[in-house]
Amino acid sequence: METKNILLVGVGGQGTITAAKLLTCGLMASGYDVKMSEIHGMSQRGGSVSSQVRYGTDVQSPVIEAGTADIIVAFEKMEAMRYLNYLKQDGKVIVNDKEIWPMPVIIGKAEYHPDIIGELKKLADVTVIDASKLAIDLGNEKVTNVILLGAIIKAMGLDHIDWDQIIQDNVKEKFVELNQVAIRKGMDLV
Amino acid sequence: MKKLFTGNEAAARGAWEAGVKFAAAYPGTPSTEILENLALYKEVQTEWAPNEKVAVESVAGASIAGIRSLACMKHVGLNVAADPMFTFAYLGVNAGSVILTADEPGMFSSQNEQDNRHYARAANLPMFEPSDSQETKDMMVEAFDLSEKYDVPVLFRMTTRVDHSKSIVTCKPRKDVQDKPYEKNIPKYCPMPAFTGKMQEKLYKNLEKTKEFSNHCKWNYIEDNHKSLGIIASGVAFRYAKEVFGDNASYLKVGFSYPLPMDLIREFSQKVDTIYILEENDPIMETEIKAAGISCIGKDKFPRRGELLPERIRIAAFGKSKETIKPNTETIVGRPPALCAGCPHRGFFYELSKLKDTMIFSDIGCYTLGALAPYNATDACICMGASISGGHGVAQAFKIKNEKKHVISVIGDSTFFHSGITSLLDASYNKSSYLTVILDNRITGMTGHQQNPGSGYDLKGNKAPISDIEQICRAINIKNIRTVNPNHLDEMKDALEWGIHCEGPSVIITRWPCALKRLSTEDKEEFPGVFTQKYHVEMDKCIGCKRCIDTGCPALEFSRNQDGKMSITDSCVGCGVCSQVCPVNAIVKG
């Protein structure tokens, strides 16, 4: 099987790494070879972050090459644009309709583009979901990442994997049920 | 049993499987999680050392005493540890010993991009270079066996992409390794001139033997495919090469990279028409292979700086990358890293950046961000500990040149313990006159909250004696010391004014916990109510002057509602620095 590439991008603290880890665990459990890569270090809370997941029969590189991502899932909308060059020509973009201001915007040195999604739609196949709001409706904004994970699973046709079990194995007991609801919510959106 | 492991988790697992009983490290990205994971195995005594030199020295001691031992560090850490390492090579081991260096091609969170493969050659140490988690685990086990077989500590080079990427690992049980008896052996363990000649001879002889190993071990192997192109690659560059060239090239995979498997390389060169050398950073294999008279293509075609990623290999080899979608760059704003909301360094930097006629020497930590907007405070930064000794040099030079500028060194608590103490001793001993500010946020912040000699706990979470920074300063004859709360701007400002005008070296200790720290019982007692209250802007009072923005807090947002006023987001943890800056008292608690 040809290696598939999933790129999760967002802002430090949004939970991209956790979502990528759950995804990777599920892919391993269902028998794929899988590699995941992330970069962390310097206090990049609020910095731009990406997690990369690759799966197939025999995965070599842990990193995705520009122009080869089957799907980009952006936890913050401007980040979708930042990483768009990673997308395959016929790849899909799922965007969380969430705006997080970087320091240059906070201090008034730059402007946050008023219609990023419109600009994205000119360039790629984009699905917009308001995962952050849905997460708040579920009672905890922190599950935004798991709702988005659900969207990835559906978009990549990975819903045959027992995600309830993966969540049970990897999430703190008191959050298991909430995460199971969230992942299904995400799957229903795509 | 199959597990999904990062390279760092795999390194820890490998050391455990190899029967390691003692391990020491100083935290540093990308190596930090190795000891954190090894600490989870109860059979291993794991320790945070104050610095990398100390870690290697204690590991050498454990090896001499007869138990398998591991030291871990990031690439620049090996510079600190280079002194004991070079001589440890002469002594050799009793029980197996491995020194792990985690290099950072691409410099994601490091001050330089050095290629520590040079150290293997310089110190005459064998070196492993894994390309993924499975190899990391397996090579780690073998490295200990090799260390004992050839009586030499072994270097283990990982890189960020191997350390921090996850892949599948088949785990095995822990080996039942017998401790070695310790026997007094002065000619083996005391490198005095009378013995060092013999030691050196043994080291070189054993290194010769490892050449045999290099040519025949399973880590160095040939994959025959097309004859026209042959690729020699080490570390993760091998995985990238496979990604780009697939079956269209033959490969010589180098996993044990020093000494190089020259026989195997000669054999390979006979099989293929053209050879590419793919190695991240310096042309180390290339130089050696060319010196052996084998023609190959390396750094004249492939980039030397940064990561040798698949797209960079593709562009170098084929002249173009895969087709990509071009983002609309006009819509993208950079996201530079920032000090967190509630970071205790913020109040300090706010006041520091207002000082005139100062030269500010920073150290390595979150506070290195003081060089960025809105503070733009830092003048220079080199390596751990250099803020204080560098500041000393600056102060001496200004004195000689009769230049009237104040010198301020900025260093964190963990870094002070790492190598700041001896630097401050230098300043005190040589009667330097300048200010050192020790930012004591009660934890090692930048690498993700590792305990240190000042925090009251050890790596395993047990209580540990607290080394009092103020008392250390007194013990090395610093007379001018003040401890302040950096969130109280008046207090901070006053202390800075005092500190730069002291006669002789002065020290200010800013004491307030890192905003992300899980507070200990002692913290809760010392800092009651910390991070429990938020602030908000009273809209009718805010005049939109943006003065508060100068504090650089990411919880402040200007004009989100386009009404020309400030707002505070939910990420506020209530340090109150912005409220002290507001000229109209519009920022209030609650």
# chains A, B, ... in the order shown; residues from 1 in each chain; ligands from 1
>>> residues_around(residues="A:Ile152", least_positions_apart="6", cutoff="9 Å", atoms="only C-alpha atoms", output="list in words")
Ile6, Leu23, Ile71, Ile72, Val73, Ile94, Leu158, Gly186, Met187 and Val190 of chain A
>>> write_last_selection(atoms="all heavy atoms", output="PDB file, in the first residue's frame")
ATOM      1  N   ILE A   6      -0.697  12.372   6.711  1.00  0.00           N
ATOM      2  CA  ILE A   6      -1.636  13.268   7.400  1.00  0.00           C
ATOM      3  C   ILE A   6      -0.843  14.331   8.148  1.00  0.00           C
ATOM      4  O   ILE A   6       0.049  14.017   8.929  1.00  0.00           O
ATOM      5  CB  ILE A   6      -2.504  12.482   8.405  1.00  0.00           C
ATOM      6  CG1 ILE A   6      -3.289  11.384   7.690  1.00  0.00           C
ATOM      7  CG2 ILE A   6      -3.442  13.425   9.159  1.00  0.00           C
ATOM      8  CD1 ILE A   6      -4.054  10.458   8.623  1.00  0.00           C
ATOM      9  N   LEU A  23      -4.135   9.034  16.899  1.00  0.00           N
ATOM     10  CA  LEU A  23      -4.246   8.557  15.520  1.00  0.00           C
ATOM     11  C   LEU A  23      -3.201   7.480  15.242  1.00  0.00           C
ATOM     12  O   LEU A  23      -3.500   6.410  14.686  1.00  0.00           O
ATOM     13  CB  LEU A  23      -4.050   9.755  14.574  1.00  0.00           C
ATOM     14  CG  LEU A  23      -4.112   9.514  13.073  1.00  0.00           C
ATOM     15  CD1 LEU A  23      -5.476   8.972  12.676  1.00  0.00           C
ATOM     16  CD2 LEU A  23      -3.843  10.813  12.315  1.00  0.00           C
ATOM     17  N   ILE A  71      -3.961  14.909   3.430  1.00  0.00           N
ATOM     18  CA  ILE A  71      -4.900  15.780   4.143  1.00  0.00           C
ATOM     19  C   ILE A  71      -4.127  16.689   5.105  1.00  0.00           C
ATOM     20  O   ILE A  71      -3.143  16.271   5.702  1.00  0.00           O
ATOM     21  CB  ILE A  71      -5.953  14.930   4.896  1.00  0.00           C
ATOM     22  CG1 ILE A  71      -7.042  15.796   5.526  1.00  0.00           C
ATOM     23  CG2 ILE A  71      -5.318  14.069   5.975  1.00  0.00           C
ATOM     24  CD1 ILE A  71      -8.241  14.977   6.008  1.00  0.00           C
ATOM     25  N   ILE A  72      -4.568  17.938   5.183  1.00  0.00           N
ATOM     26  CA  ILE A  72      -4.043  18.849   6.213  1.00  0.00           C
ATOM     27  C   ILE A  72      -5.201  19.203   7.128  1.00  0.00           C
ATOM     28  O   ILE A  72      -6.273  19.591   6.646  1.00  0.00           O
ATOM     29  CB  ILE A  72      -3.464  20.139   5.594  1.00  0.00           C
ATOM     30  CG1 ILE A  72      -2.208  19.831   4.788  1.00  0.00           C
ATOM     31  CG2 ILE A  72      -3.131  21.162   6.697  1.00  0.00           C
ATOM     32  CD1 ILE A  72      -1.580  21.050   4.118  1.00  0.00           C
ATOM     33  N   VAL A  73      -5.014  19.024   8.413  1.00  0.00           N
ATOM     34  CA  VAL A  73      -6.047  19.416   9.360  1.00  0.00           C
ATOM     35  C   VAL A  73      -5.502  20.569  10.172  1.00  0.00           C
ATOM     36  O   VAL A  73      -4.508  20.420  10.892  1.00  0.00           O
ATOM     37  CB  VAL A  73      -6.422  18.240  10.281  1.00  0.00           C
ATOM     38  CG1 VAL A  73      -7.565  18.637  11.184  1.00  0.00           C
ATOM     39  CG2 VAL A  73      -6.793  17.040   9.449  1.00  0.00           C
ATOM     40  N   ILE A  94      -8.993  20.315   6.086  1.00  0.00           N
ATOM     41  CA  ILE A  94     -10.071  20.512   7.057  1.00  0.00           C
ATOM     42  C   ILE A  94      -9.610  21.624   7.997  1.00  0.00           C
ATOM     43  O   ILE A  94      -8.520  21.568   8.558  1.00  0.00           O
ATOM     44  CB  ILE A  94     -10.356  19.225   7.856  1.00  0.00           C
ATOM     45  CG1 ILE A  94     -10.918  18.152   6.916  1.00  0.00           C
ATOM     46  CG2 ILE A  94     -11.335  19.501   8.996  1.00  0.00           C
ATOM     47  CD1 ILE A  94     -11.173  16.814   7.571  1.00  0.00           C
ATOM     48  N   LEU A 158     -10.917   5.746   7.868  1.00  0.00           N
ATOM     49  CA  LEU A 158     -10.314   4.899   8.900  1.00  0.00           C
ATOM     50  C   LEU A 158     -11.320   4.531   9.993  1.00  0.00           C
ATOM     51  O   LEU A 158     -10.956   4.141  11.096  1.00  0.00           O
ATOM     52  CB  LEU A 158      -9.116   5.623   9.535  1.00  0.00           C
ATOM     53  CG  LEU A 158      -7.924   5.888   8.604  1.00  0.00           C
ATOM     54  CD1 LEU A 158      -6.943   6.859   9.252  1.00  0.00           C
ATOM     55  CD2 LEU A 158      -7.206   4.581   8.256  1.00  0.00           C
ATOM     56  N   GLY A 186     -16.960  14.431  15.621  1.00  0.00           N
ATOM     57  CA  GLY A 186     -16.087  14.809  14.513  1.00  0.00           C
ATOM     58  C   GLY A 186     -16.322  13.952  13.285  1.00  0.00           C
ATOM     59  O   GLY A 186     -16.308  14.446  12.144  1.00  0.00           O
ATOM     60  N   MET A 187     -16.529  12.655  13.521  1.00  0.00           N
ATOM     61  CA  MET A 187     -16.757  11.742  12.389  1.00  0.00           C
ATOM     62  C   MET A 187     -18.060  12.075  11.654  1.00  0.00           C
ATOM     63  O   MET A 187     -18.146  11.928  10.440  1.00  0.00           O
ATOM     64  CB  MET A 187     -16.773  10.292  12.893  1.00  0.00           C
ATOM     65  CG  MET A 187     -15.366   9.798  13.248  1.00  0.00           C
ATOM     66  SD  MET A 187     -15.332   8.360  14.328  1.00  0.00           S
ATOM     67  CE  MET A 187     -15.641   7.051  13.196  1.00  0.00           C
ATOM     68  N   VAL A 190     -17.965  15.125   8.738  1.00  0.00           N
ATOM     69  CA  VAL A 190     -17.341  15.100   7.398  1.00  0.00           C
ATOM     70  C   VAL A 190     -18.082  14.133   6.475  1.00  0.00           C
ATOM     71  O   VAL A 190     -18.447  13.047   6.909  1.00  0.00           O
ATOM     72  CB  VAL A 190     -15.860  14.695   7.521  1.00  0.00           C
ATOM     73  CG1 VAL A 190     -15.223  14.611   6.138  1.00  0.00           C
ATOM     74  CG2 VAL A 190     -15.120  15.731   8.358  1.00  0.00           C
TER      75      VAL A 190
END
>>> interface_residues(of="chain B", to="chain A", cutoff="7 Å", atoms="only C-alpha atoms", output="ChimeraX atom specification")
/B:29,109,161,164-167,239-240,242-243,310-311,322-327,331-332,335-338,340,366,446-447,549,554,556-558
>>> atom_distance(atom1="atom CA of B:Cys171", atom2="atom CA of B:Thr6")
13.2 Å
>>> residues_around(residues="stretch 134-140 of chain A", least_positions_apart="2", cutoff="12 Å", atoms="only C-alpha atoms", output="CSV table (one decimal) with all heavy atoms, in the first residue's frame")
chain,number,residue,atom,x,y,z
A,96,ASN,N,-10.4,24.2,11.2
A,96,ASN,CA,-11.2,24.6,12.4
A,96,ASN,C,-11.4,26.1,12.3
A,96,ASN,O,-10.4,26.8,12.2
A,96,ASN,CB,-10.4,24.2,13.7
A,96,ASN,CG,-11.2,24.6,14.9
A,96,ASN,OD1,-12.4,24.7,14.9
A,96,ASN,ND2,-10.4,24.8,16.0
A,97,ASP,N,-12.6,26.5,12.4
A,97,ASP,CA,-12.9,28.0,12.3
A,97,ASP,C,-12.5,28.7,13.5
A,97,ASP,O,-13.4,29.3,14.2
A,97,ASP,CB,-14.4,28.1,12.0
A,97,ASP,CG,-14.7,29.5,11.4
A,97,ASP,OD1,-13.8,30.3,11.3
A,97,ASP,OD2,-15.9,29.8,11.1
A,98,LYS,N,-11.2,28.8,13.8
A,98,LYS,CA,-10.7,29.4,15.0
A,98,LYS,C,-9.6,30.3,14.7
A,98,LYS,O,-8.7,30.0,13.9
A,98,LYS,CB,-10.3,28.3,16.0
A,98,LYS,CG,-9.5,28.7,17.2
A,98,LYS,CD,-10.4,28.9,18.4
A,98,LYS,CE,-9.6,29.4,19.6
A,98,LYS,NZ,-10.5,29.8,20.7
A,129,ILE,N,-15.0,23.4,9.7
A,129,ILE,CA,-15.8,23.0,10.8
A,129,ILE,C,-15.5,23.8,12.1
A,129,ILE,O,-14.4,24.3,12.2
A,129,ILE,CB,-15.7,21.5,11.2
A,129,ILE,CG1,-14.3,21.1,11.5
A,129,ILE,CG2,-16.2,20.6,10.0
A,129,ILE,CD1,-14.2,19.6,11.8
A,130,ASP,N,-16.5,24.1,12.9
A,130,ASP,CA,-16.3,24.9,14.1
A,130,ASP,C,-16.1,24.0,15.3
A,130,ASP,O,-16.9,23.9,16.2
A,130,ASP,CB,-17.5,25.8,14.3
A,130,ASP,CG,-17.1,27.0,15.2
A,130,ASP,OD1,-16.0,26.9,15.9
A,130,ASP,OD2,-17.9,28.0,15.3
A,131,ALA,N,-15.0,23.3,15.2
A,131,ALA,CA,-14.7,22.3,16.3
A,131,ALA,C,-14.6,22.9,17.7
A,131,ALA,O,-15.0,22.3,18.7
A,131,ALA,CB,-13.4,21.5,15.9
A,132,SER,N,-14.0,24.1,17.7
A,132,SER,CA,-13.8,24.7,19.1
A,132,SER,C,-15.2,25.0,19.7
A,132,SER,O,-15.4,24.8,20.9
A,132,SER,CB,-13.0,26.0,18.9
A,132,SER,OG,-11.7,25.7,18.5
A,142,LYS,N,-11.1,21.8,25.4
A,142,LYS,CA,-9.9,21.0,25.2
A,142,LYS,C,-10.1,19.8,24.3
A,142,LYS,O,-9.2,19.2,23.8
A,142,LYS,CB,-9.3,20.5,26.6
A,142,LYS,CG,-8.7,21.6,27.3
A,142,LYS,CD,-7.6,21.1,28.3
A,142,LYS,CE,-6.8,22.2,28.8
A,142,LYS,NZ,-6.8,22.2,30.3
A,143,VAL,N,-11.4,19.3,24.1
A,143,VAL,CA,-11.6,18.2,23.2
A,143,VAL,C,-11.7,18.6,21.7
A,143,VAL,O,-12.0,17.8,20.9
A,143,VAL,CB,-12.8,17.3,23.6
A,143,VAL,CG1,-12.6,16.6,24.9
A,143,VAL,CG2,-14.1,18.1,23.6
A,144,THR,N,-11.5,19.9,21.5
A,144,THR,CA,-11.4,20.3,20.1
A,144,THR,C,-10.6,19.4,19.2
A,144,THR,O,-10.9,19.0,18.1
A,144,THR,CB,-10.8,21.8,20.0
A,144,THR,OG1,-11.6,22.6,20.8
A,144,THR,CG2,-10.8,22.3,18.6
A,145,ASN,N,-9.4,19.0,19.8
A,145,ASN,CA,-8.5,18.2,19.0
A,145,ASN,C,-9.1,16.8,18.7
A,145,ASN,O,-8.8,16.3,17.6
A,145,ASN,CB,-7.2,18.1,19.8
A,145,ASN,CG,-7.3,17.4,21.1
A,145,ASN,OD1,-8.3,17.3,21.7
A,145,ASN,ND2,-6.1,17.0,21.7
A,146,VAL,N,-9.9,16.3,19.6
A,146,VAL,CA,-10.5,15.0,19.4
A,146,VAL,C,-11.6,15.0,18.3
A,146,VAL,O,-11.8,14.1,17.5
A,146,VAL,CB,-10.9,14.3,20.7
A,146,VAL,CG1,-11.5,12.9,20.4
A,146,VAL,CG2,-9.6,14.1,21.6
A,147,ILE,N,-12.3,16.1,18.4
A,147,ILE,CA,-13.4,16.3,17.3
A,147,ILE,C,-12.7,16.4,16.0
A,147,ILE,O,-13.1,15.7,15.0
A,147,ILE,CB,-14.2,17.7,17.6
A,147,ILE,CG1,-15.0,17.5,18.9
A,147,ILE,CG2,-15.1,18.0,16.4
A,147,ILE,CD1,-15.7,18.8,19.4
A,148,LEU,N,-11.6,17.1,15.9
A,148,LEU,CA,-10.9,17.2,14.6
A,148,LEU,C,-10.3,15.9,14.2
A,148,LEU,O,-10.2,15.5,13.0
A,148,LEU,CB,-9.8,18.3,14.7
A,148,LEU,CG,-10.3,19.7,14.7
A,148,LEU,CD1,-9.3,20.7,15.3
A,148,LEU,CD2,-10.7,20.1,13.3
A,175,PHE,N,-11.8,11.3,31.5
A,175,PHE,CA,-12.1,12.0,30.2
A,175,PHE,C,-12.5,11.0,29.1
A,175,PHE,O,-12.7,11.5,28.0
A,175,PHE,CB,-10.9,12.8,29.8
A,175,PHE,CG,-10.6,13.9,30.8
A,175,PHE,CD1,-9.4,13.9,31.5
A,175,PHE,CD2,-11.5,15.0,31.0
A,175,PHE,CE1,-9.1,15.0,32.4
A,175,PHE,CE2,-11.2,16.0,31.9
A,175,PHE,CZ,-10.0,16.0,32.6
A,177,GLU,N,-15.1,9.1,28.4
A,177,GLU,CA,-16.4,9.2,27.8
A,177,GLU,C,-16.6,10.4,26.9
A,177,GLU,O,-17.0,10.4,25.8
A,177,GLU,CB,-17.5,9.1,28.9
A,177,GLU,CG,-18.8,8.5,28.4
A,177,GLU,CD,-19.9,8.5,29.5
A,177,GLU,OE1,-19.6,8.2,30.6
A,177,GLU,OE2,-21.0,9.0,29.1
A,178,LEU,N,-16.1,11.5,27.5
A,178,LEU,CA,-16.2,12.8,26.8
A,178,LEU,C,-15.4,12.7,25.4
A,178,LEU,O,-15.9,13.2,24.4
A,178,LEU,CB,-15.5,13.9,27.6
A,178,LEU,CG,-15.4,15.3,27.0
A,178,LEU,CD1,-16.7,15.9,26.8
A,178,LEU,CD2,-14.5,16.2,27.9
A,179,ASN,N,-14.3,12.1,25.5
A,179,ASN,CA,-13.5,12.0,24.2
A,179,ASN,C,-14.1,11.0,23.2
A,179,ASN,O,-14.1,11.3,22.0
A,179,ASN,CB,-12.1,11.5,24.6
A,179,ASN,CG,-11.1,12.6,25.0
A,179,ASN,OD1,-10.6,13.3,24.2
A,179,ASN,ND2,-11.0,12.8,26.3
A,180,GLN,N,-14.8,10.0,23.7
A,180,GLN,CA,-15.5,9.1,22.8
A,180,GLN,C,-16.7,9.8,22.1
A,180,GLN,O,-16.9,9.6,20.9
A,180,GLN,CB,-16.0,7.8,23.6
A,180,GLN,CG,-14.8,6.9,23.9
A,180,GLN,CD,-15.2,5.8,24.9
A,180,GLN,OE1,-16.2,5.9,25.6
A,180,GLN,NE2,-14.4,4.7,24.9
A,181,VAL,N,-17.3,10.6,22.9
A,181,VAL,CA,-18.4,11.4,22.3
A,181,VAL,C,-17.9,12.4,21.2
A,181,VAL,O,-18.4,12.5,20.1
A,181,VAL,CB,-19.2,12.2,23.4
A,181,VAL,CG1,-20.2,13.1,22.8
A,181,VAL,CG2,-19.9,11.2,24.3
A,182,ALA,N,-16.7,13.0,21.6
A,182,ALA,CA,-16.1,14.0,20.8
A,182,ALA,C,-15.7,13.4,19.4
A,182,ALA,O,-15.9,14.0,18.4
A,182,ALA,CB,-15.0,14.7,21.5
A,183,ILE,N,-15.1,12.3,19.5
A,183,ILE,CA,-14.5,11.7,18.3
A,183,ILE,C,-15.7,11.3,17.3
A,183,ILE,O,-15.6,11.5,16.1
A,183,ILE,CB,-13.6,10.5,18.6
A,183,ILE,CG1,-12.6,10.2,17.5
A,183,ILE,CG2,-14.4,9.2,18.8
A,183,ILE,CD1,-11.5,9.3,17.8
A,184,ARG,N,-16.8,10.9,17.9
A,184,ARG,CA,-17.9,10.5,17.0
A,184,ARG,C,-18.5,11.8,16.4
A,184,ARG,O,-19.0,11.8,15.3
A,184,ARG,CB,-19.0,9.7,17.8
A,184,ARG,CG,-18.7,8.2,17.8
A,184,ARG,CD,-19.9,7.4,18.3
A,184,ARG,NE,-20.1,7.7,19.7
A,184,ARG,CZ,-19.5,7.0,20.7
A,184,ARG,NH1,-18.6,6.0,20.4
A,184,ARG,NH2,-19.7,7.2,22.0
A,185,LYS,N,-18.6,12.8,17.2
A,185,LYS,CA,-19.1,14.1,16.7
A,185,LYS,C,-18.3,14.6,15.5
A,185,LYS,O,-18.8,15.0,14.5
A,185,LYS,CB,-18.9,15.2,17.9
A,185,LYS,CG,-19.7,16.4,17.7
A,185,LYS,CD,-20.8,16.5,18.7
A,185,LYS,CE,-21.9,17.4,18.3
A,185,LYS,NZ,-23.1,17.3,19.0
A,186,GLY,N,-17.0,14.4,15.6
A,186,GLY,CA,-16.1,14.8,14.5
A,186,GLY,C,-16.3,14.0,13.3
A,186,GLY,O,-16.3,14.4,12.1
A,189,LEU,N,-19.2,15.0,11.2
A,189,LEU,CA,-19.2,16.3,10.5
A,189,LEU,C,-18.7,16.2,9.1
A,189,LEU,O,-18.9,17.1,8.3
A,189,LEU,CB,-18.2,17.2,11.3
A,189,LEU,CG,-18.8,17.7,12.6
A,189,LEU,CD1,-17.7,18.5,13.4
A,189,LEU,CD2,-20.0,18.6,12.4
>>> residues_around(residues="stretch 31-38 of chain B", least_positions_apart="4", cutoff="8 Å", atoms="only C-alpha atoms", output="ChimeraX atom specification")
/B:8-9,11-13,15-16,23-27,44,46-47,72-74,101-102,163,447,459
>>> residues_around(residues="B:Phe156", least_positions_apart="3", cutoff="6 Å", atoms="only C-alpha atoms", output="ChimeraX atom specification")
/B:100,127-128
>>> atom_distance(atom1="atom CA of B:Trp219", atom2="atom CA of B:Arg314")
25.4 Å
>>> select_by_dssp(residues="stretch 484-544 of chain B", states="strand (DSSP E)", output="PDB file with N, CA, C and O atoms, in the first residue's frame")
ATOM      1  N   VAL B 484      13.898  39.364  45.045  1.00  0.00           N
ATOM      2  CA  VAL B 484      12.682  40.165  44.811  1.00  0.00           C
ATOM      3  C   VAL B 484      11.603  39.338  44.117  1.00  0.00           C
ATOM      4  O   VAL B 484      11.872  38.300  43.526  1.00  0.00           O
ATOM      5  N   SER B 506      27.221  42.339  42.084  1.00  0.00           N
ATOM      6  CA  SER B 506      25.937  42.300  42.794  1.00  0.00           C
ATOM      7  C   SER B 506      25.044  41.240  42.157  1.00  0.00           C
ATOM      8  O   SER B 506      25.210  40.895  40.985  1.00  0.00           O
ATOM      9  N   VAL B 507      24.111  40.736  42.954  1.00  0.00           N
ATOM     10  CA  VAL B 507      23.198  39.696  42.469  1.00  0.00           C
ATOM     11  C   VAL B 507      21.769  40.030  42.877  1.00  0.00           C
ATOM     12  O   VAL B 507      21.506  40.388  44.028  1.00  0.00           O
ATOM     13  N   ILE B 508      20.866  39.938  41.899  1.00  0.00           N
ATOM     14  CA  ILE B 508      19.437  40.011  42.221  1.00  0.00           C
ATOM     15  C   ILE B 508      18.856  38.631  41.908  1.00  0.00           C
ATOM     16  O   ILE B 508      19.114  38.074  40.829  1.00  0.00           O
ATOM     17  N   ILE B 509      18.127  38.086  42.846  1.00  0.00           N
ATOM     18  CA  ILE B 509      17.447  36.824  42.587  1.00  0.00           C
ATOM     19  C   ILE B 509      15.960  37.131  42.450  1.00  0.00           C
ATOM     20  O   ILE B 509      15.347  37.656  43.380  1.00  0.00           O
ATOM     21  N   THR B 510      15.391  36.878  41.270  1.00  0.00           N
ATOM     22  CA  THR B 510      13.941  37.059  41.126  1.00  0.00           C
ATOM     23  C   THR B 510      13.311  35.705  41.417  1.00  0.00           C
ATOM     24  O   THR B 510      13.695  34.696  40.823  1.00  0.00           O
ATOM     25  N   ARG B 511      12.385  35.702  42.346  1.00  0.00           N
ATOM     26  CA  ARG B 511      11.866  34.408  42.787  1.00  0.00           C
ATOM     27  C   ARG B 511      10.357  34.371  42.608  1.00  0.00           C
ATOM     28  O   ARG B 511       9.609  35.046  43.322  1.00  0.00           O
ATOM     29  N   TYR B 535      -7.265  38.847  35.566  1.00  0.00           N
ATOM     30  CA  TYR B 535      -7.518  40.287  35.456  1.00  0.00           C
ATOM     31  C   TYR B 535      -8.436  40.547  34.262  1.00  0.00           C
ATOM     32  O   TYR B 535      -8.534  39.713  33.366  1.00  0.00           O
ATOM     33  N   HIS B 536      -9.121  41.678  34.293  1.00  0.00           N
ATOM     34  CA  HIS B 536      -9.909  42.069  33.120  1.00  0.00           C
ATOM     35  C   HIS B 536      -9.818  43.581  32.908  1.00  0.00           C
ATOM     36  O   HIS B 536      -9.355  44.317  33.787  1.00  0.00           O
ATOM     37  N   VAL B 537     -10.238  43.982  31.709  1.00  0.00           N
ATOM     38  CA  VAL B 537     -10.167  45.415  31.378  1.00  0.00           C
ATOM     39  C   VAL B 537     -11.534  46.044  31.585  1.00  0.00           C
ATOM     40  O   VAL B 537     -12.545  45.530  31.084  1.00  0.00           O
TER      41      VAL B 537
END
>>> select_by_dssp(residues="stretch 10-147 of chain A", states="alpha helix (DSSP H)", output="VMD selection string")
chain A and resid 16 to 29 77 to 82 103 to 106 116 to 123 131 to 137 144 to 147
>>> residues_around(residues="stretch 402-415 of chain B", least_positions_apart="3", cutoff="6 Å", atoms="only C-alpha atoms", output="PyMOL selection string")
chain B and resi 357-363+387-388+391+398-399+418+434-440+444
>>> closest_residue(among="B:Lys3, B:Lys198, B:Arg560, B:Lys517", to="B:Asn441", atoms="only C-alpha atoms")
B:Lys517
>>> residues_around(residues="A:Ala74", least_positions_apart="3", cutoff="6 Å", atoms="only C-alpha atoms", output="list in words")
Val9, Gly10, Ala80 and Val95 of chain A
>>> atom_distance(atom1="atom CA of B:Gln533", atom2="atom CA of B:Gly448")
23.7 Å
